[in-house]
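Structure file data-v3.tsv (TSV, C-alpha atoms and all ligand atoms) follows.
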chain	number	residue	atom	x	y	z
A	1	MET	CA	14.19	-15.71	-24.28
A	2	THR	CA	14.90	-12.01	-23.61
A	3	ARG	CA	11.90	-10.32	-22.00
A	4	THR	CA	11.03	-6.67	-22.49
A	5	PRO	CA	11.90	-4.77	-19.31
A	6	VAL	CA	9.00	-3.58	-17.15
A	7	ASN	CA	9.05	0.13	-16.31
A	8	VAL	CA	8.70	0.62	-12.56
A	9	THR	CA	8.26	4.18	-11.25
A	10	VAL	CA	9.00	4.90	-7.59
A	11	THR	CA	8.20	8.29	-6.07
A	12	GLY	CA	9.98	9.43	-2.92
A	13	ALA	CA	12.87	7.31	-4.10
A	14	ALA	CA	15.43	8.99	-1.81
A	15	GLY	CA	13.37	8.39	1.35
A	16	GLN	CA	13.73	5.60	3.86
A	17	ILE	CA	11.11	3.30	2.28
A	18	GLY	CA	12.67	3.99	-1.12
A	19	TYR	CA	16.03	2.83	0.19
A	20	ALA	CA	14.56	-0.43	1.47
A	21	LEU	CA	12.49	-0.95	-1.69
A	22	LEU	CA	14.66	-0.22	-4.72
A	23	PHE	CA	17.24	-2.96	-4.18
A	24	ARG	CA	14.55	-5.59	-3.88
A	25	ILE	CA	12.79	-4.38	-7.03
A	26	ALA	CA	16.09	-4.50	-8.90
A	27	SER	CA	16.87	-8.00	-7.64
A	28	GLY	CA	13.58	-9.41	-8.95
A	29	HIS	CA	11.40	-9.59	-5.86
A	30	LEU	CA	8.68	-7.25	-7.13
A	31	LEU	CA	7.74	-9.04	-10.35
A	32	GLY	CA	9.71	-12.26	-10.51
A	33	ALA	CA	13.24	-13.57	-10.85
A	34	ASP	CA	13.07	-13.58	-14.67
A	35	VAL	CA	11.61	-10.10	-15.23
A	36	PRO	CA	14.05	-7.29	-16.16
A	37	VAL	CA	13.17	-3.80	-14.93
A	38	ASN	CA	13.82	-0.15	-15.75
A	39	LEU	CA	13.63	2.07	-12.67
A	40	ARG	CA	12.19	5.58	-12.89
A	41	LEU	CA	12.88	7.54	-9.72
A	42	LEU	CA	10.78	10.63	-9.00
A	43	GLU	CA	11.92	13.05	-6.31
A	44	ILE	CA	11.43	16.68	-5.42
A	45	PRO	CA	14.42	18.86	-6.41
A	46	GLN	CA	15.92	18.70	-2.89
A	47	GLY	CA	15.86	14.89	-3.07
A	48	LEU	CA	17.54	14.47	-6.44
A	49	LYS	CA	21.13	14.32	-5.20
A	50	ALA	CA	20.34	11.65	-2.62
A	51	ALA	CA	18.43	9.71	-5.32
A	52	GLU	CA	21.56	9.86	-7.50
A	53	GLY	CA	23.50	8.35	-4.60
A	54	VAL	CA	21.00	5.50	-4.34
A	55	ALA	CA	21.26	4.96	-8.11
A	56	MET	CA	25.07	4.74	-7.77
A	57	GLU	CA	24.61	2.01	-5.17
A	58	LEU	CA	22.15	0.21	-7.42
A	59	ASP	CA	24.80	0.27	-10.17
A	60	ASP	CA	27.32	-1.11	-7.72
A	61	CYS	CA	25.13	-4.16	-7.07
A	62	ALA	CA	25.44	-5.23	-10.74
A	63	PHE	CA	21.90	-6.64	-10.63
A	64	PRO	CA	21.41	-8.77	-13.77
A	65	LEU	CA	17.73	-7.72	-14.06
A	66	LEU	CA	18.27	-3.95	-13.74
A	67	ARG	CA	18.43	-2.44	-17.24
A	68	ASP	CA	18.14	1.31	-16.76
A	69	ILE	CA	17.67	4.00	-14.10
A	70	THR	CA	16.12	7.44	-14.72
A	71	ILE	CA	16.18	10.10	-12.00
A	72	THR	CA	13.91	13.09	-12.39
A	73	ASP	CA	11.78	15.71	-10.62
A	74	GLN	CA	9.35	15.76	-13.57
A	75	ALA	CA	6.26	13.59	-13.10
A	76	ASN	CA	5.64	13.36	-16.87
A	77	VAL	CA	9.12	11.90	-17.36
A	78	ALA	CA	8.86	9.55	-14.38
A	79	PHE	CA	5.53	8.05	-15.47
A	80	ASP	CA	6.34	7.87	-19.18
A	81	GLY	CA	5.49	4.30	-20.21
A	82	ALA	CA	5.16	3.21	-16.56
A	83	ASN	CA	3.79	-0.30	-16.09
A	84	VAL	CA	3.97	-0.26	-12.30
A	85	ALA	CA	3.98	2.88	-10.13
A	86	LEU	CA	4.73	2.89	-6.43
A	87	LEU	CA	3.68	6.24	-4.99
A	88	VAL	CA	5.70	6.46	-1.79
A	89	GLY	CA	6.63	10.14	-1.51
A	90	ALA	CA	4.08	12.14	0.48
A	91	ARG	CA	3.87	15.17	2.69
A	92	PRO	CA	4.20	14.06	6.33
A	93	ARG	CA	2.12	15.67	9.05
A	94	THR	CA	4.19	18.25	10.94
A	95	ALA	CA	3.55	20.04	14.24
A	96	GLY	CA	0.52	22.32	14.15
A	97	MET	CA	-0.80	20.87	10.89
A	98	GLU	CA	-4.56	20.24	10.81
A	99	ARG	CA	-5.99	17.25	8.95
A	100	GLY	CA	-7.32	19.58	6.24
A	101	ASP	CA	-3.81	21.04	5.75
A	102	LEU	CA	-2.39	17.53	5.41
A	103	LEU	CA	-5.02	16.46	2.88
A	104	SER	CA	-4.53	19.68	0.96
A	105	ALA	CA	-0.72	19.32	0.86
A	106	ASN	CA	-1.06	15.74	-0.35
A	107	GLY	CA	-3.66	16.76	-2.91
A	108	GLY	CA	-0.95	19.00	-4.35
A	109	ILE	CA	1.18	15.87	-4.86
A	110	PHE	CA	-1.28	13.12	-5.79
A	111	GLY	CA	-3.52	15.23	-8.05
A	112	PRO	CA	-0.70	16.15	-10.45
A	113	GLN	CA	0.76	12.64	-10.23
A	114	GLY	CA	-2.65	11.18	-11.15
A	115	LYS	CA	-2.77	13.53	-14.15
A	116	ALA	CA	0.76	12.57	-15.18
A	117	ILE	CA	-0.14	8.87	-14.95
A	118	ASN	CA	-3.26	9.50	-17.02
A	119	ALA	CA	-1.26	11.25	-19.73
A	120	ASN	CA	1.89	9.13	-19.84
A	121	ALA	CA	1.64	5.68	-18.30
A	122	ALA	CA	1.40	2.42	-20.24
A	123	ASP	CA	-2.04	0.92	-20.88
A	124	ASP	CA	-1.46	-1.81	-18.31
A	125	ILE	CA	-0.38	0.58	-15.51
A	126	LYS	CA	-0.83	-0.72	-11.94
A	127	VAL	CA	-0.56	1.85	-9.15
A	128	LEU	CA	0.12	1.25	-5.47
A	129	VAL	CA	-0.12	4.22	-3.10
A	130	VAL	CA	1.99	3.87	0.05
A	131	GLY	CA	2.31	7.54	1.09
A	132	ASN	CA	-0.13	8.49	3.85
A	133	PRO	CA	-3.04	9.01	4.13
A	134	ALA	CA	-2.71	6.17	1.61
A	135	ASN	CA	-6.38	5.41	0.85
A	136	THR	CA	-7.34	9.03	0.28
A	137	ASN	CA	-4.13	9.84	-1.61
A	138	ALA	CA	-4.99	6.90	-3.88
A	139	LEU	CA	-8.52	8.30	-4.32
A	140	ILE	CA	-7.11	11.70	-5.30
A	141	ALA	CA	-4.73	10.15	-7.85
A	142	GLN	CA	-7.44	7.87	-9.24
A	143	ARG	CA	-9.96	10.67	-9.71
A	144	ASN	CA	-7.33	12.70	-11.53
A	145	ALA	CA	-6.73	9.87	-14.00
A	146	PRO	CA	-10.12	9.47	-15.68
A	147	ASP	CA	-8.77	7.45	-18.63
A	148	VAL	CA	-7.19	4.78	-16.46
A	149	PRO	CA	-9.52	2.02	-15.24
A	150	ALA	CA	-10.31	2.80	-11.58
A	151	GLU	CA	-9.27	-0.67	-10.40
A	152	ARG	CA	-5.65	0.05	-11.34
A	153	PHE	CA	-5.35	2.40	-8.34
A	154	THR	CA	-4.76	0.63	-5.04
A	155	ALA	CA	-3.70	1.63	-1.53
A	156	MET	CA	-1.44	-0.36	0.75
A	157	THR	CA	-2.93	-2.30	3.65
A	158	ARG	CA	-0.64	-5.29	3.12
A	159	LEU	CA	1.60	-4.15	5.95
A	160	ASP	CA	-1.39	-4.28	8.30
A	161	HIS	CA	-2.30	-7.68	6.83
A	162	ASN	CA	1.23	-9.02	7.43
A	163	ARG	CA	1.22	-7.60	10.95
A	164	ALA	CA	-2.07	-9.38	11.67
A	165	VAL	CA	-0.73	-12.70	10.30
A	166	ALA	CA	2.38	-12.40	12.49
A	167	GLN	CA	0.41	-11.62	15.67
A	168	LEU	CA	-2.02	-14.45	15.02
A	169	ALA	CA	0.75	-16.98	14.35
A	170	LYS	CA	2.51	-15.95	17.57
A	171	LYS	CA	-0.61	-16.35	19.70
A	172	ALA	CA	-1.60	-19.68	18.10
A	173	GLY	CA	1.97	-21.02	18.36
A	174	VAL	CA	2.21	-21.81	14.63
A	175	THR	CA	4.33	-20.54	11.74
A	176	VAL	CA	3.00	-17.77	9.50
A	177	GLU	CA	2.41	-20.25	6.65
A	178	ASP	CA	-0.27	-21.91	8.77
A	179	VAL	CA	-2.30	-18.67	8.92
A	180	LYS	CA	-4.70	-17.97	6.02
A	181	LYS	CA	-7.61	-15.71	5.12
A	182	VAL	CA	-6.84	-12.79	7.42
A	183	THR	CA	-8.58	-9.57	6.34
A	184	ILE	CA	-7.92	-5.89	6.92
A	185	TRP	CA	-11.10	-3.89	6.32
A	186	GLY	CA	-11.32	-0.12	5.79
A	187	ASN	CA	-8.66	2.55	6.12
A	188	HIS	CA	-4.90	2.29	6.67
A	189	SER	CA	-5.31	4.12	9.97
A	190	ALA	CA	-6.02	3.32	13.58
A	191	THR	CA	-9.71	2.76	12.68
A	192	GLN	CA	-8.90	-0.22	10.42
A	193	TYR	CA	-10.51	-3.55	11.32
A	194	PRO	CA	-8.11	-6.50	11.38
A	195	ASP	CA	-10.51	-9.45	11.14
A	196	LEU	CA	-9.55	-12.91	12.34
A	197	PHE	CA	-13.09	-14.27	12.48
A	198	HIS	CA	-12.93	-15.37	8.83
A	199	ALA	CA	-9.30	-16.49	9.13
A	200	GLU	CA	-7.98	-20.01	9.43
A	201	VAL	CA	-5.07	-21.48	11.35
A	202	SER	CA	-3.91	-24.88	10.10
A	203	GLY	CA	-7.24	-25.26	8.26
A	204	LYS	CA	-9.42	-24.55	11.32
A	205	ALA	CA	-11.18	-21.44	12.60
A	206	ALA	CA	-8.56	-18.94	13.79
A	207	PHE	CA	-10.76	-17.89	16.71
A	208	ASP	CA	-10.59	-21.43	18.11
A	209	ALA	CA	-6.83	-21.50	17.52
A	210	VAL	CA	-6.47	-18.52	19.87
A	211	GLY	CA	-8.50	-20.30	22.54
A	212	ALA	CA	-11.76	-18.49	21.59
A	213	ASP	CA	-10.29	-15.65	23.64
A	214	GLN	CA	-12.60	-12.74	22.79
A	215	GLU	CA	-10.86	-10.51	25.33
A	216	TRP	CA	-7.52	-11.06	23.53
A	217	VAL	CA	-9.09	-10.33	20.15
A	218	GLU	CA	-10.74	-7.09	21.29
A	219	ASN	CA	-8.17	-5.73	23.67
A	220	PHE	CA	-4.89	-7.04	22.25
A	221	PHE	CA	-5.04	-8.26	18.66
A	222	ILE	CA	-7.14	-5.52	17.06
A	223	PRO	CA	-5.43	-2.53	18.75
A	224	LYS	CA	-1.98	-4.12	18.40
A	225	VAL	CA	-2.34	-4.36	14.61
A	226	ALA	CA	-4.23	-1.09	14.15
A	227	LYS	CA	-1.73	0.92	16.20
A	228	ARG	CA	1.43	-0.91	15.17
A	229	GLY	CA	2.58	1.95	12.95
A	230	ALA	CA	2.53	4.34	15.92
A	231	GLU	CA	4.26	1.74	18.12
A	232	ILE	CA	7.09	1.36	15.57
A	233	ILE	CA	7.52	5.15	15.43
A	234	GLU	CA	7.74	5.29	19.22
A	235	VAL	CA	10.16	2.39	19.64
A	236	ARG	CA	12.32	2.80	16.51
A	237	GLY	CA	12.23	6.59	16.48
A	238	ALA	CA	11.14	6.59	12.82
A	239	SER	CA	8.20	5.16	10.91
A	240	SER	CA	8.34	1.64	9.54
A	241	ALA	CA	10.51	1.43	6.46
A	242	ALA	CA	11.82	-2.08	5.72
A	243	SER	CA	8.50	-3.71	6.67
A	244	ALA	CA	6.60	-1.12	4.62
A	245	ALA	CA	8.87	-1.74	1.61
A	246	ASN	CA	8.42	-5.49	2.10
A	247	ALA	CA	4.65	-5.08	2.12
A	248	ALA	CA	4.77	-3.00	-1.07
A	249	ILE	CA	6.76	-5.80	-2.72
A	250	ASP	CA	4.24	-8.39	-1.46
A	251	HIS	CA	1.27	-6.29	-2.66
A	252	VAL	CA	2.51	-5.92	-6.23
A	253	TYR	CA	3.93	-9.47	-6.46
A	254	THR	CA	0.59	-10.92	-5.34
A	255	TRP	CA	-1.39	-8.63	-7.67
A	256	VAL	CA	0.71	-9.68	-10.67
A	257	ASN	CA	1.36	-13.34	-9.81
A	258	GLY	CA	-1.81	-14.39	-7.93
A	259	THR	CA	-2.87	-15.43	-4.43
A	260	PRO	CA	-2.07	-19.01	-3.42
A	261	ALA	CA	-4.97	-21.51	-3.43
A	262	GLY	CA	-6.90	-21.45	-0.17
A	263	ASP	CA	-5.81	-17.98	0.82
A	264	TRP	CA	-6.54	-14.35	0.10
A	265	THR	CA	-4.88	-11.02	0.79
A	266	SER	CA	-5.93	-7.47	1.76
A	267	MET	CA	-5.76	-4.54	-0.65
A	268	GLY	CA	-7.15	-1.03	-0.59
A	269	ILE	CA	-9.26	-0.93	-3.78
A	270	VAL	CA	-12.08	1.10	-5.27
A	271	SER	CA	-15.28	-0.22	-3.70
A	272	ASP	CA	-17.97	-1.67	-5.97
A	273	GLY	CA	-20.44	-1.47	-3.06
A	274	SER	CA	-19.59	-4.93	-1.66
A	275	TYR	CA	-20.17	-5.42	2.06
A	276	GLY	CA	-22.02	-2.10	2.25
A	277	VAL	CA	-18.89	-0.03	1.55
A	278	PRO	CA	-20.04	2.98	-0.52
A	279	GLU	CA	-19.09	2.68	-4.17
A	280	GLY	CA	-16.02	4.66	-5.17
A	281	LEU	CA	-14.28	4.79	-1.78
A	282	ILE	CA	-10.81	3.22	-1.70
A	283	SER	CA	-11.21	0.77	1.15
A	284	SER	CA	-9.42	-2.42	2.16
A	285	PHE	CA	-11.14	-5.72	1.35
A	286	PRO	CA	-10.31	-9.41	1.25
A	287	VAL	CA	-9.27	-10.13	-2.34
A	288	THR	CA	-8.01	-12.98	-4.46
A	289	THR	CA	-5.79	-12.23	-7.44
A	290	LYS	CA	-5.16	-14.04	-10.71
A	291	ASP	CA	-3.53	-13.05	-14.00
A	292	GLY	CA	-2.96	-9.46	-12.85
A	293	LYS	CA	-6.58	-8.94	-11.78
A	294	PHE	CA	-8.25	-9.08	-8.38
A	295	GLU	CA	-11.71	-9.95	-7.11
A	296	ILE	CA	-13.32	-9.18	-3.77
A	297	VAL	CA	-14.00	-12.36	-1.78
A	298	GLN	CA	-17.79	-12.54	-1.65
A	299	GLY	CA	-20.26	-14.21	0.68
A	300	LEU	CA	-18.54	-13.79	4.04
A	301	ASP	CA	-20.94	-13.69	7.00
A	302	ILE	CA	-20.59	-10.31	8.65
A	303	SER	CA	-21.44	-10.37	12.35
A	304	GLU	CA	-22.60	-7.37	14.33
A	305	PHE	CA	-19.08	-7.15	15.79
A	306	ASP	CA	-17.57	-7.03	12.27
A	307	ARG	CA	-20.23	-4.61	10.99
A	308	LYS	CA	-19.62	-2.04	13.70
A	309	ARG	CA	-15.89	-1.97	13.05
A	310	ILE	CA	-16.10	-1.99	9.25
A	311	ASP	CA	-18.62	0.86	9.38
A	312	ALA	CA	-16.43	2.94	11.71
A	313	SER	CA	-13.40	2.75	9.42
A	314	VAL	CA	-15.42	3.23	6.24
A	315	GLY	CA	-17.10	6.24	7.91
A	316	GLU	CA	-13.65	7.77	8.36
A	317	LEU	CA	-12.87	7.16	4.67
A	318	ALA	CA	-16.12	8.89	3.69
A	319	GLU	CA	-15.16	11.89	5.86
A	320	GLU	CA	-11.74	12.06	4.19
A	321	ARG	CA	-13.38	11.86	0.76
A	322	ASP	CA	-15.79	14.66	1.68
A	323	ALA	CA	-12.88	16.79	2.93
A	324	VAL	CA	-10.87	16.43	-0.30
A	325	GLN	CA	-14.04	17.03	-2.31
A	326	GLU	CA	-14.61	20.29	-0.42
A	327	LEU	CA	-11.01	21.26	-1.09
A	328	GLY	CA	-11.66	20.72	-4.81
A	329	LEU	CA	-9.04	17.95	-5.02
A	330	ILE	CA	-11.34	15.38	-6.58
B	1	LIG	P1	10.67	9.76	3.96
B	1	LIG	O1	10.37	11.13	4.48
B	1	LIG	O2	11.90	9.05	4.42
B	1	LIG	O3	10.75	9.82	2.37
B	1	LIG	C1	9.79	10.46	1.59
B	1	LIG	C2	10.48	10.92	0.32
B	1	LIG	O4	9.49	11.43	-0.53
B	1	LIG	C3	11.52	12.04	0.54
B	1	LIG	O5	12.75	11.68	-0.05
B	1	LIG	C4	10.87	13.24	-0.15
B	1	LIG	O6	11.84	14.10	-0.73
B	1	LIG	C5	10.02	12.56	-1.21
B	1	LIG	N1	8.90	13.34	-1.72
B	1	LIG	C6	8.11	14.22	-1.07
B	1	LIG	N2	7.23	14.78	-1.92
B	1	LIG	C7	7.44	14.22	-3.13
B	1	LIG	C8	6.86	14.40	-4.41
B	1	LIG	N3	5.88	15.28	-4.61
B	1	LIG	N4	7.33	13.66	-5.43
B	1	LIG	C9	8.33	12.80	-5.25
B	1	LIG	N5	8.96	12.60	-4.06
B	1	LIG	C10	8.51	13.30	-3.02
B	1	LIG	O7	9.35	8.91	4.23
B	1	LIG	P2	9.20	7.33	4.22
B	1	LIG	O8	9.51	6.82	5.58
B	1	LIG	O9	9.90	6.76	3.05
B	1	LIG	O10	7.60	7.20	4.09
B	1	LIG	C11	6.94	7.61	2.93
B	1	LIG	C12	5.43	7.59	3.13
B	1	LIG	O11	4.95	6.28	3.35
B	1	LIG	C13	4.94	8.40	4.33
B	1	LIG	O12	3.77	9.10	3.93
B	1	LIG	C14	4.59	7.33	5.34
B	1	LIG	O13	3.63	7.80	6.28
B	1	LIG	C15	4.03	6.27	4.44
B	1	LIG	N6	3.94	4.92	5.00
B	1	LIG	C16	2.84	4.18	4.64
B	1	LIG	C17	2.70	2.89	5.10
B	1	LIG	C18	1.53	2.03	4.71
B	1	LIG	O14	1.41	0.93	5.25
B	1	LIG	N7	0.64	2.44	3.81
B	1	LIG	C19	3.68	2.34	5.94
B	1	LIG	C20	4.79	3.11	6.28
B	1	LIG	C21	4.90	4.42	5.80
B	2	LIG	C1	2.72	2.40	9.39
B	2	LIG	O1	1.64	1.78	9.39
B	2	LIG	O2	3.78	1.90	9.81
B	2	LIG	C2	2.75	3.82	8.88
B	2	LIG	O3	1.63	4.10	8.11
B	2	LIG	C3	2.90	4.78	10.02
B	2	LIG	C4	3.07	6.21	9.56
B	2	LIG	O4	2.35	7.07	10.11
B	2	LIG	O5	3.92	6.49	8.69

Kindly return the structure encoded in the file as structure tokens.
Amino acid sequence: MTRTPVNVTVTGAAGQIGYALLFRIASGHLLGADVPVNLRLLEIPQGLKAAEGVAMELDDCAFPLLRDITITDQANVAFDGANVALLVGARPRTAGMERGDLLSANGGIFGPQGKAINANAADDIKVLVVGNPANTNALIAQRNAPDVPAERFTAMTRLDHNRAVAQLAKKAGVTVEDVKKVTIWGNHSATQYPDLFHAEVSGKAAFDAVGADQEWVENFFIPKVAKRGAEIIEVRGASSAASAANAAIDHVYTWVNGTPAGDWTSMGIVSDGSYGVPEGLISSFPVTTKDGKFEIVQGLDISEFDRKRIDASVGELAEERDAVQELGLI
């Protein structure tokens, strides 16, 4: 049976994450090995030529699932009929830039893109924001798309989730498949809370699997995961790209195809007030997914240790929301 191609829009397509992402989308890793795709690449005018080069390479791969590529600097064209949108392009922080300047510059990108999604995307649009500050950029886009259900806007904390799984597996001496139910709470920033207290290793409490080593959890695991992005920048000389692209693929694949039984994932989603996270903030939660929808995992016991860290990261998200509100971006 010939399936209708899914329209996938990628912004910042000529950047380093774009380069690691597009070939995997075109080879079927984003949606499934039997799902044809049309790629819509959005770039700023200076990025268009490089995006054309990437499109030439995509052609040269002769991917059976890749039906069509559009390259444009017009958001209305890029999001026309979009079923999945990966918002990767963002304004990076440069020397001398204050946080307010960064939020304002990104508001100038994610506000108009939210409007273009609202006006042009398909009814089933699913949006993943990768560009930093990802949670607040997602909030700006979501608030500028009032006709799209709020839950279709998500921010990426899957890279943090995958980092936490890898660190936990290493410490416990198991493979990553043995690690389940890890959670990233809060913001994709150094304040995030990577939580292993609700996680399992080979079906048992993860904390026991790491020798109930509270010192390791507090002084190694949590900072290692939360500051991994900065560590990659320092060691590699550039921010994470292939692992970020991989996490974006994982995020969308899991959203569309479901979480495996006995496990959950982490996604930045619009809070419904669960776990005391103020309604409307885009914060990372433990979620299960099924049939293209997700649900927050409910009923987890939150210790004082968890509470303090969730509140700190959520407090930062509330400050970012207040700042973009003051700037008139939402
Ligand atoms: P990059 O600088 O290599 O590429 C960004 C691309 O975006 C450039 O080609 C640029 O021309 C384009 N761009 C800028 N403004 C645009 C706009 N308005 N519309 C369309 N395209 C636009 O950066 P990168 O390494 O690919 O990273 C992209 C973003 O992802 C950064 O903000 C980075 O901090 C973020 N990131 C997030 C995570 C995460 O886990 N959430 C992980 C890694 C990186
Ligand atoms: C990461 O977590 O690797 C990135 O968000 C780091 C960054 O600042 O781009």

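As for atom CA of Asn7 of chain A and atom CA of Ile109 of chain A, they are spaced 21.0 Å apart.
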
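Coordinates place atom O9 of ligand LIG 1 (chain B) at a distance of 5.7 Å from atom CA of Gly18 of chain A.
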
Each residue of chain A lying at most 6 Å from ligand LIG 2 (chain B) should get a row with its shortest atom-to-atom pair and the distance in Å to one decimal, counting only C-alpha atoms and all ligand atoms; could you produce that, ordered by chain and increasing number, as a Markdown table?
| residue | atom | partner | partner_atom | distance |
| --- | --- | --- | --- | --- |
| A:Gly229 | CA | B:LIG2 | O2 | 3.4 |
| A:Ala230 | CA | B:LIG2 | C3 | 5.9 |
| A:Ser239 | CA | B:LIG2 | O5 | 5.0 |
| A:Ser240 | CA | B:LIG2 | O2 | 4.6 |

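One finds atom CA of Leu41 of chain A at 16.1 Å from atom CA of Pro112 of chain A.
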
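A distance search around ligand LIG 1 (chain B) (6 Å at most, all atoms listed in the file) returns the following protein and nucleic acid residues: Thr11, Gly12, Ala13, Ala14, Gly15, Gln16, Ile17, Gly18, Leu42, Glu43, Ile44, Gly47, Val88, Gly89, Ala90, Arg91, Pro92, Ile109, Val130, Gly131, Asn132, Ala134, Met156, Thr157, Leu159, Ser239, Ser240, Ala241 and Ala244 of chain A.
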
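Of the residues listed (A:Pro149, A:Pro223, A:Pro45, A:Pro5), A:Pro5 shows the shortest atom-to-atom separation from Gly32 of chain A; distances use all atoms listed in the file.
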
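Counting all atoms listed in the file and comparing A:Ala245, A:Val84, A:Val225, A:Val6, the residue that lies closest to Ala20 of chain A is A:Ala245.
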
Taking a cut-off of 12 Å and counting only C-alpha atoms, can you build a table that, for each residue of segment 136-240 of chain A near segment 279-283 of chain A, reports the nearest atom pair and how far apart they are in Å (one decimal), sorted by chain then residue number, as a Markdown table?
| residue | atom | partner | partner_atom | distance |
| --- | --- | --- | --- | --- |
| A:Thr136 | CA | A:Ile282 | CA | 7.1 |
| A:Asn137 | CA | A:Ile282 | CA | 9.4 |
| A:Ala138 | CA | A:Ile282 | CA | 7.2 |
| A:Leu139 | CA | A:Ile282 | CA | 6.2 |
| A:Ile140 | CA | A:Ile282 | CA | 9.9 |
| A:Ala141 | CA | A:Ile282 | CA | 11.1 |
| A:Gln142 | CA | A:Ile282 | CA | 9.5 |
| A:Arg143 | CA | A:Gly280 | CA | 9.7 |
| A:Ala150 | CA | A:Gly280 | CA | 8.8 |
| A:Glu151 | CA | A:Ile282 | CA | 9.7 |
| A:Arg152 | CA | A:Ile282 | CA | 11.4 |
| A:Phe153 | CA | A:Ile282 | CA | 8.6 |
| A:Thr154 | CA | A:Ile282 | CA | 7.4 |
| A:Ala155 | CA | A:Ile282 | CA | 7.3 |
| A:Met156 | CA | A:Ser283 | CA | 9.8 |
| A:Thr157 | CA | A:Ser283 | CA | 9.2 |
| A:Thr183 | CA | A:Ser283 | CA | 11.9 |
| A:Ile184 | CA | A:Ser283 | CA | 9.4 |
| A:Trp185 | CA | A:Ser283 | CA | 7.0 |
| A:Gly186 | CA | A:Ser283 | CA | 4.7 |
| A:Asn187 | CA | A:Ser283 | CA | 5.9 |
| A:His188 | CA | A:Ser283 | CA | 8.5 |
| A:Ser189 | CA | A:Ser283 | CA | 11.1 |
| A:Thr191 | CA | A:Ser283 | CA | 11.8 |
| A:Gln192 | CA | A:Ser283 | CA | 9.6 |
| A:Tyr193 | CA | A:Ser283 | CA | 11.1 |

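Of the residues listed (A:Ala226, A:Leu21, A:Leu168, A:Ala26), A:Ala26 shows the shortest atom-to-atom separation from Asp60 of chain A; distances use only C-alpha atoms.
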
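Shortest separation to Leu300 of chain A among A:Asp178, A:Leu317, A:Phe197, A:Val217 occurs at residue A:Phe197, atoms counted being all atoms listed in the file.
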
Could you give me, as a ChimeraX atom specification, the residues within 10 Å of Ala119 of chain A, counting all atoms listed in the file and dropping anything in the same chain fewer than 3 positions from it? /A:76,79-81,113-116,122,145-148

Taking all atoms listed in the file into account, which of A:Ala206, A:Ala62, A:Val179, A:Leu22 comes nearest Ile249 of chain A? A:Leu22
